Each structure stands twice: as structure tokens, then as C-alpha cells.
Amino acid sequence: QVQLVESGGGLVQPGGSLRLSCAASGSTGSINAMYWYRQAPGKQRDLVAAVSSAGSTNYADSVKGRFTISRDNAKNTVYLQMNSLKPEDTAVYYCRAVDVAGFVSWGRGTQVTVSS
């Protein structure tokens, strides 16, 4: 079983930057792909970015060129560097991990608010 804890959210002005972190614990050796999702009030939870165990990445069109996902396997941590933030990026950001058996783990989320 894998436990995930997100951190790094907060209030930032439009055009600013934040870096989110997601620390994994437990059966971390079984983790395959890791993901960042976000959910704005009244909306569904959407995929933001993904990184495979080999380091290949994918992004939602809305964040391409602004967000970067990365992982440090030695620290069992995945990051989301968010630049040029917009008010529409405001949401709760969740970390998700899928292990080699296909089991899914979610973190509790961290709030990101982009506002002047």
C-alpha cells in the first residue's frame, strides 16, 4: 500500500509560480506511474500531468509549456512546477500513484489559488 502527501499549495498572483510536492511512503518500490490531477469547485477532477517510471511525461493541453512534472525516485517524490499561473488554474491539486499491480492511491490534495 502506498500513502501520498501533497504540499506546496498556496495563494499566488497571476503570472506567478508554485512548486507542488507529493511524497510517497509505504510500498514505494511498487509504484509505476504517478500523476497530478486538479479539481475546481463544481467541476470534475481532471488530469494535469503524468510521469512514468521511465520518466516519460504527458500534459493536459491547458498546462503545456507552463507546468513541468518530474520525479525523484531516490526521494519517492513527484513534483509539479507551475509557472505563468492563471486564475483558471485555481483548484485543489491531487497526487495519484498506480503500482505495478494496478492499485491506485490518492493524496488528500493541496489548494492552489491564483488571484490578485
# chains A, B, ... in the order shown; residues from 1 in each chain; ligands from 1
call {"tool": "residues_around", "arguments": {"residues": "A:Gly9", "least_positions_apart": "6", "cutoff": "9 Å", "atoms": "only C-alpha atoms", "output": "PyMOL selection string"}}
result
chain A and resi 18-21+92-93+109-113
call {"tool": "select_by_dssp", "arguments": {"residues": "chain A", "states": "helix (DSSP H, G or I)", "output": "JSON, numbers by chain"}}
result
{"A": [28, 29, 30, 87, 88, 89]}
call {"tool": "residues_around", "arguments": {"residues": "A:Lys75", "least_positions_apart": "2", "cutoff": "10 Å", "atoms": "only C-alpha atoms", "output": "list in words"}}
result
Ala23, Ala24, Ser25, Thr28, Arg71, Asp72, Asn73, Thr77 and Val78 of chain A
call {"tool": "closest_residue", "arguments": {"among": "A:Met82, A:Ala60, A:Ile69, A:Leu47", "to": "A:Gly8", "atoms": "only C-alpha atoms"}}
result
A:Met82
call {"tool": "closest_residue", "arguments": {"among": "A:Ser17, A:Tyr35, A:Val12, A:Ser7", "to": "A:Ser105", "atoms": "only C-alpha atoms"}}
result
A:Tyr35
call {"tool": "atom_distance", "arguments": {"atom1": "atom CA of A:Glu6", "atom2": "atom CA of A:Gly65"}}
result
22.5 Å
call {"tool": "closest_residue", "arguments": {"among": "A:Ser116, A:Val48, A:Ser70, A:Ala33", "to": "A:Gly15", "atoms": "only C-alpha atoms"}}
result
A:Ser116
call {"tool": "select_by_dssp", "arguments": {"residues": "stretch 19-116 of chain A", "states": "strand (DSSP E)", "output": "VMD selection string"}}
result
chain A and resid 19 to 26 31 to 39 45 to 51 57 to 59 67 to 72 77 to 82 91 to 99 104 to 106 110 to 114
call {"tool": "atom_distance", "arguments": {"atom1": "atom CA of A:Ser52", "atom2": "atom CA of A:Ala97"}}
result
10.0 Å
call {"tool": "closest_residue", "arguments": {"among": "A:Leu80, A:Leu11, A:Gly16, A:Ala101", "to": "A:Arg38", "atoms": "only C-alpha atoms"}}
result
A:Leu80
call {"tool": "atom_distance", "arguments": {"atom1": "atom CA of A:Gly26", "atom2": "atom CA of A:Ser56"}}
result
23.5 Å
call {"tool": "decode", "arguments": {"residues": "stretch 40-57 of chain A", "atoms": "N, CA and C atoms", "output": "PDB file, in the first residue's frame"}}
result
ATOM      1  N   ALA A  40     -11.494  21.894  -9.622  1.00  0.00           N
ATOM      2  CA  ALA A  40     -12.023  23.209  -9.257  1.00  0.00           C
ATOM      3  C   ALA A  40     -13.425  23.038  -8.682  1.00  0.00           C
ATOM      4  N   PRO A  41     -13.899  24.009  -7.901  1.00  0.00           N
ATOM      5  CA  PRO A  41     -15.238  23.902  -7.296  1.00  0.00           C
ATOM      6  C   PRO A  41     -16.312  23.681  -8.359  1.00  0.00           C
ATOM      7  N   GLY A  42     -17.134  22.674  -8.125  1.00  0.00           N
ATOM      8  CA  GLY A  42     -18.233  22.390  -9.033  1.00  0.00           C
ATOM      9  C   GLY A  42     -17.846  21.689 -10.322  1.00  0.00           C
ATOM     10  N   LYS A  43     -16.580  21.314 -10.441  1.00  0.00           N
ATOM     11  CA  LYS A  43     -16.123  20.664 -11.675  1.00  0.00           C
ATOM     12  C   LYS A  43     -15.564  19.287 -11.381  1.00  0.00           C
ATOM     13  N   GLN A  44     -15.363  18.507 -12.435  1.00  0.00           N
ATOM     14  CA  GLN A  44     -14.817  17.166 -12.260  1.00  0.00           C
ATOM     15  C   GLN A  44     -13.311  17.246 -12.037  1.00  0.00           C
ATOM     16  N   ARG A  45     -12.768  16.142 -11.542  1.00  0.00           N
ATOM     17  CA  ARG A  45     -11.325  16.055 -11.330  1.00  0.00           C
ATOM     18  C   ARG A  45     -10.671  15.707 -12.669  1.00  0.00           C
ATOM     19  N   ASP A  46      -9.726  16.526 -13.086  1.00  0.00           N
ATOM     20  CA  ASP A  46      -9.097  16.376 -14.393  1.00  0.00           C
ATOM     21  C   ASP A  46      -7.602  16.076 -14.262  1.00  0.00           C
ATOM     22  N   LEU A  47      -7.094  15.310 -15.203  1.00  0.00           N
ATOM     23  CA  LEU A  47      -5.666  15.021 -15.257  1.00  0.00           C
ATOM     24  C   LEU A  47      -4.897  16.258 -15.690  1.00  0.00           C
ATOM     25  N   VAL A  48      -3.827  16.557 -14.969  1.00  0.00           N
ATOM     26  CA  VAL A  48      -2.969  17.687 -15.305  1.00  0.00           C
ATOM     27  C   VAL A  48      -1.681  17.199 -15.969  1.00  0.00           C
ATOM     28  N   ALA A  49      -1.028  16.222 -15.335  1.00  0.00           N
ATOM     29  CA  ALA A  49       0.251  15.746 -15.850  1.00  0.00           C
ATOM     30  C   ALA A  49       0.520  14.349 -15.324  1.00  0.00           C
ATOM     31  N   ALA A  50       1.339  13.614 -16.074  1.00  0.00           N
ATOM     32  CA  ALA A  50       1.684  12.249 -15.703  1.00  0.00           C
ATOM     33  C   ALA A  50       3.160  12.005 -15.985  1.00  0.00           C
ATOM     34  N   VAL A  51       3.762  11.129 -15.182  1.00  0.00           N
ATOM     35  CA  VAL A  51       5.152  10.735 -15.413  1.00  0.00           C
ATOM     36  C   VAL A  51       5.261   9.238 -15.163  1.00  0.00           C
ATOM     37  N   SER A  52       5.862   8.536 -16.116  1.00  0.00           N
ATOM     38  CA  SER A  52       6.012   7.091 -15.994  1.00  0.00           C
ATOM     39  C   SER A  52       7.229   6.757 -15.145  1.00  0.00           C
ATOM     40  N   SER A  53       7.392   5.474 -14.858  1.00  0.00           N
ATOM     41  CA  SER A  53       8.554   5.042 -14.086  1.00  0.00           C
ATOM     42  C   SER A  53       9.848   5.300 -14.851  1.00  0.00           C
ATOM     43  N   ALA A  54       9.756   5.345 -16.171  1.00  0.00           N
ATOM     44  CA  ALA A  54      10.930   5.604 -17.010  1.00  0.00           C
ATOM     45  C   ALA A  54      11.188   7.095 -17.215  1.00  0.00           C
ATOM     46  N   GLY A  55      10.240   7.922 -16.746  1.00  0.00           N
ATOM     47  CA  GLY A  55      10.441   9.355 -16.843  1.00  0.00           C
ATOM     48  C   GLY A  55       9.753  10.049 -18.001  1.00  0.00           C
ATOM     49  N   SER A  56       9.017   9.307 -18.806  1.00  0.00           N
ATOM     50  CA  SER A  56       8.280   9.956 -19.892  1.00  0.00           C
ATOM     51  C   SER A  56       7.087  10.706 -19.308  1.00  0.00           C
ATOM     52  N   THR A  57       6.739  11.825 -19.932  1.00  0.00           N
ATOM     53  CA  THR A  57       5.719  12.719 -19.373  1.00  0.00           C
ATOM     54  C   THR A  57       4.613  13.017 -20.368  1.00  0.00           C
TER      55      THR A  57
END
